[in-house]
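Peer 1: Compact mmCIF, C-alpha atoms, file final.txt:
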# COMPACT_ATOMS: atom_id res chain seq x y z
CA MET J 4 -25.36 -29.03 -29.86
CA ALA J 5 -22.64 -26.37 -29.85
CA PHE J 6 -20.48 -26.25 -33.02
CA GLU J 7 -22.30 -29.26 -34.50
CA GLY J 8 -22.25 -27.95 -38.08
CA LEU J 9 -18.64 -26.83 -37.93
CA ALA J 10 -17.48 -30.03 -36.23
CA ASP J 11 -19.08 -32.18 -38.95
CA LYS J 12 -17.40 -30.27 -41.78
CA LEU J 13 -13.98 -30.26 -40.10
CA ALA J 14 -14.29 -33.99 -39.38
CA ASN J 15 -14.89 -34.71 -43.07
CA SER J 16 -11.92 -32.58 -44.15
CA PHE J 17 -9.53 -34.24 -41.70
CA LYS J 18 -10.83 -37.70 -42.53
CA ARG J 19 -9.56 -37.24 -46.09
CA LEU J 20 -6.19 -36.02 -44.79
CA ARG J 21 -5.80 -38.99 -42.45
CA SER J 22 -6.59 -41.43 -45.24
CA LYS J 23 -3.43 -40.38 -47.09
CA GLY J 24 -0.16 -41.98 -46.07
CA LYS J 25 1.82 -38.99 -47.20
CA LEU J 26 0.83 -35.36 -47.69
CA ASN J 27 2.04 -32.75 -50.12
CA GLU J 28 1.54 -29.01 -50.10
CA ASN J 29 -1.49 -29.19 -52.38
CA ASP J 30 -3.22 -31.63 -50.02
CA VAL J 31 -2.77 -29.23 -47.13
CA ARG J 32 -3.89 -26.18 -49.07
CA GLU J 33 -7.00 -28.00 -50.35
CA ALA J 34 -7.88 -29.08 -46.82
CA MET J 35 -7.41 -25.54 -45.53
CA ARG J 36 -9.70 -24.18 -48.26
CA GLU J 37 -12.38 -26.53 -46.98
CA VAL J 38 -11.66 -25.46 -43.41
CA ARG J 39 -11.96 -21.78 -44.37
CA LEU J 40 -15.31 -22.41 -46.05
CA ALA J 41 -16.48 -24.32 -42.98
CA LEU J 42 -15.48 -21.41 -40.74
CA LEU J 43 -17.24 -18.88 -42.95
CA GLU J 44 -20.39 -21.02 -43.01
CA ALA J 45 -20.15 -21.10 -39.21
CA ASP J 46 -20.40 -17.28 -39.34
CA VAL J 47 -16.79 -16.72 -38.31
CA ASN J 48 -15.43 -13.27 -39.17
CA TYR J 49 -13.86 -13.35 -42.67
CA LYS J 50 -10.51 -11.90 -41.62
CA VAL J 51 -10.35 -14.25 -38.63
CA ALA J 52 -11.03 -17.27 -40.86
CA LYS J 53 -8.46 -16.15 -43.42
CA ASP J 54 -5.73 -15.48 -40.84
CA PHE J 55 -6.45 -18.76 -39.08
CA THR J 56 -6.14 -20.93 -42.19
CA ASN J 57 -3.04 -19.05 -43.37
CA THR J 58 -1.34 -19.70 -40.02
CA VAL J 59 -2.28 -23.39 -40.05
CA THR J 60 -1.14 -23.78 -43.67
CA GLU J 61 2.21 -22.15 -42.94
CA ARG J 62 2.82 -24.48 -40.01
CA ALA J 63 1.45 -27.58 -41.75
CA ILE J 64 3.64 -27.41 -44.86
CA GLY J 65 6.77 -27.48 -42.72
CA THR J 66 9.25 -30.33 -42.98
CA ALA J 67 8.37 -31.78 -39.57
CA VAL J 68 4.77 -32.38 -40.68
CA MET J 69 5.42 -33.52 -44.26
CA GLU J 70 7.99 -36.09 -43.21
CA SER J 71 6.01 -37.31 -40.20
CA LEU J 72 4.78 -40.91 -40.12
CA THR J 73 1.29 -39.58 -39.40
CA PRO J 74 1.08 -36.24 -41.25
CA GLY J 75 -2.73 -36.14 -41.14
CA GLN J 76 -2.71 -36.37 -37.35
CA MET J 77 -0.01 -33.70 -37.18
CA VAL J 78 -2.20 -31.29 -39.16
CA VAL J 79 -5.14 -31.95 -36.81
CA LYS J 80 -2.82 -31.27 -33.85
CA ILE J 81 -1.82 -27.93 -35.40
CA VAL J 82 -5.49 -27.02 -36.00
CA ASP J 83 -6.25 -27.92 -32.38
CA GLU J 84 -3.46 -25.64 -31.12
CA GLU J 85 -4.47 -22.76 -33.38
CA LEU J 86 -8.16 -23.06 -32.47
CA THR J 87 -7.12 -22.86 -28.82
CA ASN J 88 -5.03 -19.75 -29.54
CA LEU J 89 -7.90 -18.23 -31.53
CA MET J 90 -10.21 -18.48 -28.51
CA GLY J 91 -7.68 -17.06 -26.08
CA GLY J 92 -5.11 -19.75 -25.42
CA GLU J 93 -5.92 -20.32 -21.77
CA GLN J 94 -8.71 -19.81 -19.27
CA ALA J 95 -9.31 -16.13 -18.41
CA ARG J 96 -10.03 -15.76 -14.72
CA ILE J 97 -12.04 -13.16 -12.81
CA GLU J 98 -9.87 -10.42 -11.33
CA PHE J 99 -10.83 -10.17 -7.67
CA ALA J 100 -10.25 -6.93 -5.78
CA SER J 101 -7.47 -6.91 -3.20
CA LYS J 102 -9.94 -5.31 -0.81
CA PRO J 103 -13.57 -6.56 -0.99
CA PRO J 104 -16.05 -6.17 -2.40
CA THR J 105 -15.15 -7.15 -5.97
CA VAL J 106 -17.50 -5.20 -8.26
CA ILE J 107 -18.65 -6.98 -11.43
CA MET J 108 -20.71 -4.96 -13.89
CA LEU J 109 -22.82 -6.90 -16.40
CA CYS J 110 -23.92 -5.15 -19.57
CA GLY J 111 -25.46 -6.09 -22.90
CA LEU J 112 -28.45 -5.78 -25.17
CA GLN J 113 -31.95 -6.70 -24.10
CA GLY J 114 -32.76 -10.39 -24.56
CA ALA J 115 -29.19 -11.68 -24.31
CA GLY J 116 -29.87 -13.27 -20.92
CA LYS J 117 -28.10 -10.73 -18.72
CA THR J 118 -30.37 -10.98 -15.68
CA THR J 119 -30.45 -14.78 -15.67
CA HIS J 120 -26.70 -15.04 -16.10
CA ALA J 121 -26.14 -12.60 -13.26
CA ALA J 122 -27.92 -15.10 -11.02
CA LYS J 123 -26.03 -18.03 -12.59
CA LEU J 124 -22.70 -16.38 -11.88
CA ALA J 125 -23.76 -15.46 -8.36
CA LYS J 126 -24.77 -19.05 -7.65
CA MET J 127 -21.44 -20.31 -9.04
CA PHE J 128 -19.51 -17.89 -6.81
CA LYS J 129 -21.61 -18.83 -3.78
CA ALA J 130 -20.80 -22.52 -4.34
CA LYS J 131 -17.11 -21.57 -4.17
CA GLY J 132 -17.48 -19.96 -0.76
CA HIS J 133 -18.11 -16.33 -1.73
CA ARG J 134 -20.94 -14.10 -0.50
CA PRO J 135 -22.24 -12.43 -3.67
CA MET J 136 -24.98 -9.81 -3.86
CA LEU J 137 -27.00 -8.88 -6.94
CA VAL J 138 -27.88 -5.27 -7.68
CA ALA J 139 -31.01 -4.34 -9.67
CA CYS J 140 -30.12 -1.40 -11.93
CA ASP J 141 -32.46 -2.12 -14.83
CA ILE J 142 -35.10 0.45 -13.92
CA TYR J 143 -36.67 0.63 -17.38
CA ARG J 144 -37.75 -2.85 -18.44
CA PRO J 145 -41.09 -3.85 -16.91
CA ALA J 146 -40.68 -6.44 -14.13
CA ALA J 147 -36.87 -6.49 -14.55
CA ILE J 148 -36.35 -5.91 -10.81
CA LYS J 149 -38.87 -8.62 -9.94
CA GLN J 150 -37.17 -11.04 -12.34
CA LEU J 151 -33.80 -10.47 -10.66
CA GLN J 152 -35.39 -11.00 -7.25
CA VAL J 153 -36.92 -14.29 -8.41
CA VAL J 154 -33.72 -15.72 -9.91
CA GLY J 155 -31.72 -14.34 -6.99
CA SER J 156 -34.00 -16.20 -4.59
CA GLN J 157 -33.59 -19.39 -6.63
CA ALA J 158 -29.80 -18.98 -6.46
CA GLY J 159 -29.94 -18.25 -2.73
CA VAL J 160 -28.33 -14.84 -3.22
CA PRO J 161 -29.57 -11.48 -1.82
CA VAL J 162 -30.77 -8.78 -4.22
CA PHE J 163 -30.25 -5.07 -3.53
CA GLU J 164 -32.82 -2.75 -5.09
CA GLN J 165 -34.12 0.79 -4.61
CA GLY J 166 -36.94 0.81 -7.11
CA THR J 167 -36.61 3.17 -10.04
CA GLN J 168 -34.12 5.62 -8.55
CA ASN J 169 -31.06 6.79 -10.46
CA PRO J 170 -28.97 3.66 -11.36
CA VAL J 171 -25.70 5.38 -10.41
CA GLU J 172 -27.01 6.15 -6.92
CA ILE J 173 -28.34 2.59 -6.60
CA CYS J 174 -24.86 1.22 -7.38
CA LYS J 175 -23.18 3.49 -4.83
CA ALA J 176 -25.69 2.50 -2.15
CA ALA J 177 -25.28 -1.18 -3.03
CA ILE J 178 -21.52 -1.08 -2.51
CA ARG J 179 -21.95 0.64 0.88
CA HIS J 180 -24.50 -2.03 1.81
CA ALA J 181 -22.13 -4.82 0.70
CA LYS J 182 -19.34 -3.45 2.89
CA ASP J 183 -21.68 -3.20 5.89
CA TYR J 184 -23.07 -6.73 5.48
CA GLY J 185 -19.94 -8.58 4.37
CA ASN J 186 -20.79 -9.32 0.74
CA ASP J 187 -17.46 -9.86 -1.04
CA ILE J 188 -18.85 -9.74 -4.60
CA VAL J 189 -21.27 -7.12 -5.95
CA MET J 190 -22.85 -7.99 -9.30
CA ILE J 191 -24.55 -5.10 -11.07
CA ASP J 192 -27.35 -6.03 -13.48
CA THR J 193 -27.51 -2.97 -15.73
CA ALA J 194 -30.27 -2.01 -18.15
CA GLY J 195 -30.22 -3.23 -21.73
CA ARG J 196 -31.71 -1.87 -24.92
CA LEU J 197 -33.02 -3.49 -28.06
CA GLN J 198 -30.11 -1.86 -29.84
CA ILE J 199 -27.00 0.13 -28.93
CA ASP J 200 -27.89 3.78 -28.36
CA GLU J 201 -26.26 6.86 -26.88
CA ALA J 202 -28.47 6.94 -23.78
CA LEU J 203 -27.56 3.33 -22.89
CA MET J 204 -23.85 3.95 -23.28
CA ASP J 205 -23.93 7.20 -21.32
CA GLU J 206 -25.63 5.50 -18.39
CA LEU J 207 -23.13 2.63 -18.43
CA LYS J 208 -20.22 5.09 -18.54
CA ASP J 209 -21.68 6.97 -15.56
CA ILE J 210 -21.95 3.75 -13.55
CA LYS J 211 -18.42 2.76 -14.51
CA GLU J 212 -17.04 6.14 -13.46
CA ALA J 213 -18.95 6.10 -10.17
CA VAL J 214 -18.10 2.60 -8.90
CA VAL J 215 -14.92 1.71 -10.88
CA PRO J 216 -15.82 -1.99 -11.41
CA ASP J 217 -13.11 -4.65 -11.24
CA GLU J 218 -14.77 -6.51 -14.13
CA ILE J 219 -17.05 -5.34 -16.93
CA LEU J 220 -18.56 -8.44 -18.49
CA LEU J 221 -20.54 -8.19 -21.71
CA VAL J 222 -23.37 -10.71 -22.07
CA VAL J 223 -24.00 -11.64 -25.72
CA ASP J 224 -26.24 -14.19 -27.43
CA SER J 225 -23.93 -16.60 -29.29
CA MET J 226 -26.71 -17.57 -31.69
CA THR J 227 -26.60 -14.12 -33.30
CA GLY J 228 -23.20 -14.99 -34.78
CA GLN J 229 -21.39 -12.04 -36.37
CA GLU J 230 -23.86 -9.62 -34.81
CA ALA J 231 -22.66 -10.78 -31.37
CA VAL J 232 -19.09 -9.97 -32.41
CA ASN J 233 -20.12 -6.51 -33.67
CA VAL J 234 -21.94 -5.81 -30.39
CA ALA J 235 -18.86 -6.89 -28.42
CA LYS J 236 -16.63 -4.64 -30.51
CA THR J 237 -18.89 -1.61 -29.99
CA PHE J 238 -19.26 -2.13 -26.23
CA ASP J 239 -15.51 -2.59 -25.89
CA GLU J 240 -14.81 0.66 -27.75
CA MET J 241 -17.24 2.54 -25.52
CA LEU J 242 -16.63 0.89 -22.13
CA THR J 243 -13.40 -1.15 -22.39
CA ILE J 244 -14.92 -4.45 -21.31
CA THR J 245 -12.79 -7.04 -19.49
CA GLY J 246 -14.50 -10.16 -20.79
CA VAL J 247 -17.50 -11.78 -22.45
CA ILE J 248 -20.21 -14.18 -21.34
CA LEU J 249 -21.58 -16.15 -24.30
CA THR J 250 -25.15 -17.30 -23.71
CA LYS J 251 -27.11 -20.07 -25.48
CA LEU J 252 -23.89 -21.80 -26.52
CA ASP J 253 -25.70 -25.15 -26.23
CA GLY J 254 -28.02 -24.14 -29.08
CA ASP J 255 -25.36 -22.54 -31.31
CA THR J 256 -24.63 -25.16 -33.97
CA ARG J 257 -22.32 -22.78 -35.86
CA GLY J 258 -20.02 -21.28 -33.23
CA GLY J 259 -18.98 -18.16 -35.15
CA ALA J 260 -19.21 -15.87 -32.13
CA ALA J 261 -17.07 -18.09 -29.90
CA LEU J 262 -14.38 -18.29 -32.58
CA SER J 263 -14.38 -14.59 -33.49
CA VAL J 264 -14.90 -12.56 -30.30
CA ARG J 265 -11.36 -12.83 -28.92
CA ALA J 266 -9.69 -12.20 -32.29
CA VAL J 267 -11.84 -9.15 -33.10
CA THR J 268 -12.01 -7.49 -29.66
CA GLY J 269 -8.90 -8.85 -27.97
CA LYS J 270 -11.08 -9.57 -24.94
CA PRO J 271 -11.50 -13.14 -23.58
CA ILE J 272 -14.63 -15.23 -23.25
CA LYS J 273 -14.81 -15.93 -19.52
CA PHE J 274 -18.05 -17.89 -19.17
CA ALA J 275 -20.51 -19.76 -21.37
CA GLY J 276 -24.22 -20.29 -20.80
CA ILE J 277 -25.14 -23.86 -21.77
CA GLY J 278 -28.80 -24.16 -20.79
CA GLU J 279 -31.77 -22.56 -19.07
CA LYS J 280 -31.19 -23.76 -15.49
CA LEU J 281 -29.18 -21.70 -12.99
CA ASP J 282 -26.52 -24.42 -12.91
CA ASP J 283 -26.11 -24.28 -16.69
CA ILE J 284 -23.04 -22.08 -16.85
CA GLU J 285 -19.40 -23.06 -17.18
CA VAL J 286 -16.00 -21.43 -17.17
CA PHE J 287 -14.82 -21.06 -20.76
CA HIS J 288 -11.71 -23.16 -21.44
CA PRO J 289 -10.33 -22.49 -24.98
CA GLU J 290 -8.35 -25.75 -25.10
CA ARG J 291 -11.37 -27.83 -24.06
CA MET J 292 -13.65 -26.06 -26.52
CA ALA J 293 -11.17 -26.69 -29.35
CA SER J 294 -11.10 -30.34 -28.36
CA ARG J 295 -14.91 -30.53 -28.56
CA ILE J 296 -14.96 -28.86 -31.99
CA LEU J 297 -12.51 -31.46 -33.31
CA GLY J 298 -14.54 -34.35 -31.87
CA MET J 299 -11.93 -35.24 -29.26
CA GLY J 300 -14.30 -34.80 -26.33
CA ASP J 301 -13.91 -32.86 -23.12
CA VAL J 302 -13.32 -35.35 -20.33
CA LEU J 303 -12.00 -32.74 -17.88
CA SER J 304 -15.24 -30.76 -18.01
CA LEU J 305 -17.22 -33.98 -17.66
CA ILE J 306 -15.25 -34.89 -14.53
CA GLU J 307 -15.74 -31.39 -13.11
CA ASP J 308 -19.48 -31.61 -13.77
CA ALA J 309 -19.62 -34.92 -11.94
CA GLN J 310 -17.66 -33.53 -8.99
CA ASN J 311 -19.77 -30.38 -8.74
CA LYS J 312 -23.22 -31.81 -9.35
CA MET J 313 -23.18 -35.37 -8.08
CA ASP J 314 -23.50 -36.35 -4.44
CA GLU J 315 -20.18 -37.85 -3.31
CA LYS J 316 -21.76 -39.73 -0.41
CA GLU J 317 -24.37 -41.38 -2.65
CA ALA J 318 -21.74 -42.23 -5.27
CA ALA J 319 -19.49 -43.81 -2.63
CA GLU J 320 -22.42 -45.79 -1.25
CA ALA J 321 -23.28 -47.06 -4.74
CA ALA J 322 -19.66 -48.11 -5.33
CA LYS J 323 -19.64 -49.95 -1.98
CA LYS J 324 -22.81 -51.83 -2.90
CA ILE J 325 -21.36 -52.82 -6.27
CA ILE J 326 -18.22 -54.15 -4.58
CA HIS J 327 -20.36 -56.31 -2.31
CA ASN J 328 -22.80 -57.25 -5.09
CA LYS J 329 -25.72 -55.45 -3.39
CA PHE J 330 -26.52 -52.91 -6.11
CA ASP J 331 -30.29 -53.05 -6.74
CA LEU J 332 -32.95 -51.15 -8.66
CA ASN J 333 -33.34 -48.60 -5.85
CA ASP J 334 -29.69 -47.71 -6.37
CA MET J 335 -30.21 -47.49 -10.12
CA LEU J 336 -33.04 -45.04 -9.48
CA THR J 337 -30.69 -42.91 -7.38
CA GLN J 338 -28.07 -42.97 -10.13
CA PHE J 339 -30.61 -41.76 -12.68
CA ALA J 340 -31.25 -38.72 -10.47
CA GLN J 341 -27.51 -38.12 -10.11
CA VAL J 342 -26.85 -38.16 -13.86
CA ARG J 343 -29.87 -35.94 -14.50
CA LYS J 344 -28.14 -33.22 -12.44
CA MET J 345 -25.36 -33.07 -15.05
CA GLY J 346 -27.75 -31.81 -17.72
CA PRO J 347 -29.19 -33.22 -20.96
CA ILE J 348 -27.82 -36.68 -21.79
CA LYS J 349 -26.79 -35.55 -25.28
CA SER J 350 -24.66 -32.69 -23.93
CA VAL J 351 -22.97 -35.06 -21.48
CA LEU J 352 -22.26 -37.61 -24.22
CA ALA J 353 -20.83 -34.85 -26.43
CA LYS J 354 -17.95 -34.49 -23.97
CA LEU J 355 -16.86 -38.10 -24.43
CA PRO J 356 -13.94 -38.63 -26.87
CA GLY J 357 -15.06 -39.90 -30.26
CA VAL J 358 -18.76 -39.52 -29.48
CA GLY J 359 -19.45 -35.87 -30.31
CA ASN J 360 -19.38 -36.19 -34.11
CA GLN J 361 -21.56 -39.32 -33.97
CA LEU J 362 -24.36 -37.78 -31.92
CA LYS J 363 -26.20 -36.46 -34.95
CA ASP J 364 -26.91 -40.08 -35.91
CA MET J 365 -27.98 -41.08 -32.40
CA ASP J 366 -31.51 -40.94 -31.07
CA VAL J 367 -30.71 -39.58 -27.61
CA ASP J 368 -33.94 -38.85 -25.76
CA ASP J 369 -33.88 -37.62 -22.15
CA ARG J 370 -37.39 -38.99 -21.77
CA GLN J 371 -35.82 -42.44 -21.94
CA VAL J 372 -34.66 -41.92 -18.37
CA ASP J 373 -38.18 -40.85 -17.37
CA ARG J 374 -39.58 -44.10 -18.78
CA LEU J 375 -37.02 -46.22 -16.93
CA GLU J 376 -37.78 -44.37 -13.71
CA ALA J 377 -41.52 -44.88 -14.21
CA ILE J 378 -41.02 -48.64 -14.55
CA ILE J 379 -38.90 -48.88 -11.39
CA LEU J 380 -41.31 -46.67 -9.40
CA SER J 381 -44.18 -49.01 -10.37
CA MET J 382 -42.42 -51.88 -8.59
CA THR J 383 -42.87 -52.79 -4.95
CA GLU J 384 -39.99 -52.23 -2.54
CA GLU J 385 -39.31 -55.97 -2.50
CA GLU J 386 -39.23 -56.16 -6.29
CA ARG J 387 -36.68 -53.37 -6.45
CA ARG J 388 -34.46 -55.13 -3.92
CA LYS J 389 -34.90 -58.57 -5.52
CA PRO J 390 -35.61 -58.22 -9.28
CA ALA J 391 -35.35 -62.01 -9.64
CA ILE J 392 -38.84 -62.45 -8.07
CA ILE J 393 -40.51 -60.49 -10.89
CA ASN J 394 -42.58 -63.10 -12.73
CA PRO J 395 -44.86 -62.62 -15.76
CA SER J 396 -47.89 -61.50 -13.73
CA ARG J 397 -45.77 -58.96 -11.84
CA LYS J 398 -44.37 -57.69 -15.13
CA ARG J 399 -47.88 -57.10 -16.46
CA ARG J 400 -48.80 -55.19 -13.31
CA ILE J 401 -45.61 -53.08 -13.47
CA ALA J 402 -46.16 -52.33 -17.17
CA ALA J 403 -49.75 -51.23 -16.55
CA GLY J 404 -48.73 -49.08 -13.58
CA SER J 405 -46.01 -47.27 -15.53
CA GLY J 406 -47.93 -46.86 -18.77
CA MET J 407 -45.34 -48.98 -20.58
CA LYS J 408 -45.33 -52.39 -22.26
CA VAL J 409 -44.21 -55.72 -20.82
CA GLU J 410 -41.40 -55.66 -23.42
CA ASP J 411 -40.12 -52.43 -21.86
CA VAL J 412 -40.07 -54.02 -18.41
CA ASN J 413 -38.21 -57.04 -19.82
CA ARG J 414 -35.68 -54.75 -21.49
CA LEU J 415 -34.96 -52.88 -18.24
CA LEU J 416 -34.51 -56.12 -16.31
CA ARG J 417 -32.16 -57.50 -18.98
CA GLN J 418 -30.12 -54.31 -18.89
CA PHE J 419 -29.94 -54.45 -15.10
CA GLU J 420 -28.82 -58.07 -15.28
CA GLN J 421 -26.15 -57.19 -17.86
CA THR J 422 -24.91 -54.39 -15.59
CA GLN J 423 -24.59 -56.83 -12.69
CA LYS J 424 -22.70 -59.31 -14.88
CA MET J 425 -20.35 -56.56 -16.04
CA MET J 426 -19.72 -55.55 -12.43
CA ARG J 427 -18.95 -59.13 -11.46
CA SER J 428 -16.58 -59.40 -14.41
CA ILE J 429 -14.75 -56.20 -13.41
CA ARG J 430 -14.48 -57.36 -9.82
CA ASN J 431 -13.10 -60.73 -10.91
CA LYS J 432 -10.58 -59.30 -13.38
CA LYS J 433 -9.43 -56.34 -11.33
CA GLY J 434 -8.11 -57.12 -7.90
CA LYS J 435 -8.32 -53.45 -7.07
CA ARG J 436 -12.07 -53.51 -7.77
CA ARG J 437 -11.96 -50.41 -9.93
CA MET J 438 -15.40 -48.87 -10.40
CA ASN J 439 -16.25 -47.86 -13.95
CA TYR J 440 -19.77 -48.72 -14.96
CA GLY J 441 -22.43 -47.44 -17.32
CA MET J 442 -26.05 -46.49 -17.28
CA PRO J 443 -28.19 -49.15 -18.98
CA GLY J 444 -30.18 -48.07 -21.97
CA MET J 445 -27.96 -45.11 -22.89
CA PRO J 446 -26.07 -44.97 -26.19
CA GLY J 447 -22.47 -45.97 -25.57
CA GLY J 448 -23.03 -46.20 -21.82
CA MET J 449 -23.01 -43.30 -19.37
CA PRO J 450 -20.06 -43.25 -16.95
CA PHE J 451 -20.92 -42.40 -13.35
What do you get writing this file as structure tokens?
Peer 2:
Amino acid sequence: MAFEGLADKLANSFKRLRSKGKLNENDVREAMREVRLALLEADVNYKVAKDFTNTVTERAIGTAVMESLTPGQMVVKIVDEELTNLMGGEQARIEFASKPPTVIMLCGLQGAGKTTHAAKLAKMFKAKGHRPMLVACDIYRPAAIKQLQVVGSQAGVPVFEQGTQNPVEICKAAIRHAKDYGNDIVMIDTAGRLQIDEALMDELKDIKEAVVPDEILLVVDSMTGQEAVNVAKTFDEMLTITGVILTKLDGDTRGGAALSVRAVTGKPIKFAGIGEKLDDIEVFHPERMASRILGMGDVLSLIEDAQNKMDEKEAAEAAKKIIHNKFDLNDMLTQFAQVRKMGPIKSVLAKLPGVGNQLKDMDVDDRQVDRLEAIILSMTEEERRKPAIINPSRKRRIAAGSGMKVEDVNRLLRQFEQTQKMMRSIRNKKGKRRMNYGMPGMPGGMPF
């Protein structure tokens, strides 16, 4: 989970601060020493860590904090604000051209995930009503063009390629093609190298000069920590990048790159890769990321995920059935599929307030959903509609058919019954029939 190590250490430091009714300057300075060590262990740039803790200390030893009724909470609030500022302050948006097409040039080292993230971005833009086109300019890596065609097809986005011709000429031809066929975004997938070299930079400069891109986005692997920051700094000096895409952020337990890139290069993180699927990319929101690091959750991103990835019609139908007490195991099966679209259960839970820092102690297994689905699929249509008819012999048959035990079938039925009781209770207590229910069997419940 992203920032897991850093989040744990910060949580322990702030827990000690909150336990004190009143703070003095030494308390704050001691806490900030711990914070600085935590940042350095997270592979945050030394100067960035030092400047950050100095700024927080200066603000935290002010009169307003020291004389506050909840000084510990005030310090956490300051850290939250400064973390947000460290990562850019506010969301950095893509600069679209006043006259289409908008040209976005993606660059980076080999292995950072450039080609895949080109397709991810294209799919995201397409979902927002744009007509993106991918351009294959990596003429050196074996099968690079084929890879872009494959992921482009999966994203439902056209790919422009001219084999192994000169990349500059390919880019020029691609922009002419985009104008002729109405593509309003051209995304150039440039060649990478195993390391920064003169030939790579010269080619990128030639492409930049020829097509004058509206955005130059550097794709970097967040798990490389300080090396990612050094790469960003070098590319910016050579090309003047406009933003960064951090990949593999879901697997980066330290977070040093995310916390250092903006401070070192002055260029914002615009997107973050959070998984292997083409939907696993999100706009980078500094304030939401700071909230996650401090264990305060990220409800806004969770809501956006639900809106973007869940079927509104199916959700409305499920809510209607709950209102009329007609929610059955078929509907539960549908809800499992809906939640699965939002990504790994653990990453979804991490966005809930107060849950993120506890996840390390939770056994959250996505296969749990598979097992529940297997049990329901082993039932007859009548059994799914009327779970009450499932007697001991039926349970044995269902258990055998799903490869599970009778105890597992009993557990699912109990959880379904508890869900129904909870729904009845909500309907009885709330005249407005507000829908807010959880997935059975998931730690803490999973809001739909």
Peer 1: Work out how far atom CA of Phe419 of chain J is from atom CA of Pro390 of chain J, in Å to one decimal.
Peer 2: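 Atom CA of Phe419 of chain J lies at a distance of 9.0 Å from atom CA of Pro390 of chain J.
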Peer 1: Counting all atoms listed in the file, which residues come within 12 Å of (-16.6, -1.4, -26.4), with the point read in the file's coordinates, and could you list them as a PyMOL selection string?
Peer 2: chain J and resi 110-111+199+204+207-208+219-221+232-247+264+267-270
Peer 1: Can you tell me which residues surround Asp141 of chain J at a distance of at most 12 Å, considering all atoms listed in the file, apart from same-chain residues fewer than 3 positions away, and format the answer as a ChimeraX atom specification?
Peer 2: /J:109-113,117-118,137-138,144-151,163-171,173-174,191-196,203,206-207
Peer 1: Could the residues in this selection be written to a file with C-alpha atoms, as a JSON list (two decimals), in the frame of the given file?
Peer 2:
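What follows is the written file out_19.json:
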[["chain", "number", "residue", "atom", "x", "y", "z"],
["J", 109, "LEU", "CA", -22.82, -6.90, -16.40],
["J", 110, "CYS", "CA", -23.92, -5.15, -19.57],
["J", 111, "GLY", "CA", -25.46, -6.09, -22.90],
["J", 112, "LEU", "CA", -28.45, -5.78, -25.17],
["J", 113, "GLN", "CA", -31.95, -6.70, -24.10],
["J", 117, "LYS", "CA", -28.10, -10.73, -18.72],
["J", 118, "THR", "CA", -30.37, -10.98, -15.68],
["J", 137, "LEU", "CA", -27.00, -8.88, -6.94],
["J", 138, "VAL", "CA", -27.88, -5.27, -7.68],
["J", 144, "ARG", "CA", -37.75, -2.85, -18.44],
["J", 145, "PRO", "CA", -41.09, -3.85, -16.91],
["J", 146, "ALA", "CA", -40.68, -6.44, -14.13],
["J", 147, "ALA", "CA", -36.87, -6.49, -14.55],
["J", 148, "ILE", "CA", -36.35, -5.91, -10.81],
["J", 149, "LYS", "CA", -38.87, -8.62, -9.94],
["J", 150, "GLN", "CA", -37.17, -11.04, -12.34],
["J", 151, "LEU", "CA", -33.80, -10.47, -10.66],
["J", 163, "PHE", "CA", -30.25, -5.07, -3.53],
["J", 164, "GLU", "CA", -32.82, -2.75, -5.09],
["J", 165, "GLN", "CA", -34.12, 0.79, -4.61],
["J", 166, "GLY", "CA", -36.94, 0.81, -7.11],
["J", 167, "THR", "CA", -36.61, 3.17, -10.04],
["J", 168, "GLN", "CA", -34.12, 5.62, -8.55],
["J", 169, "ASN", "CA", -31.06, 6.79, -10.46],
["J", 170, "PRO", "CA", -28.97, 3.66, -11.36],
["J", 171, "VAL", "CA", -25.70, 5.38, -10.41],
["J", 173, "ILE", "CA", -28.34, 2.59, -6.60],
["J", 174, "CYS", "CA", -24.86, 1.22, -7.38],
["J", 191, "ILE", "CA", -24.55, -5.10, -11.07],
["J", 192, "ASP", "CA", -27.35, -6.03, -13.48],
["J", 193, "THR", "CA", -27.51, -2.97, -15.73],
["J", 194, "ALA", "CA", -30.27, -2.01, -18.15],
["J", 195, "GLY", "CA", -30.22, -3.23, -21.73],
["J", 196, "ARG", "CA", -31.71, -1.87, -24.92],
["J", 203, "LEU", "CA", -27.56, 3.33, -22.89],
["J", 206, "GLU", "CA", -25.63, 5.50, -18.39],
["J", 207, "LEU", "CA", -23.13, 2.63, -18.43]]
Peer 1: With distances taken over all atoms listed in the file, which residue among J:Asn88, J:Thr119, J:Ser396, J:Gln157 lies nearest Val51 of chain J?
Peer 2: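 Distance minimum relative to Val51 of chain J lands on J:Asn88.
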Peer 1: Using all atoms listed in the file, which of J:Met190, J:Val82, J:Val38, J:Val222 sits nearest Pro135 of chain J?
Peer 2: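 Closest candidate: J:Met190.
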Peer 1: Just how far from atom CA of Ile188 of chain J is atom CA of Met108 of chain J, in Å to one decimal?
Peer 2: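 Going from atom CA of Met108 of chain J over to atom CA of Ile188 of chain J, I get 10.6 Å.
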Peer 1: Can you tell me which residues surround Gly155 of chain J at a distance of at most 9 Å, considering all atoms listed in the file, apart from same-chain residues fewer than 2 positions away, and format the answer as a PyMOL selection string?
Peer 2: chain J and resi 119+121-123+125-126+136-137+150-153+157-162
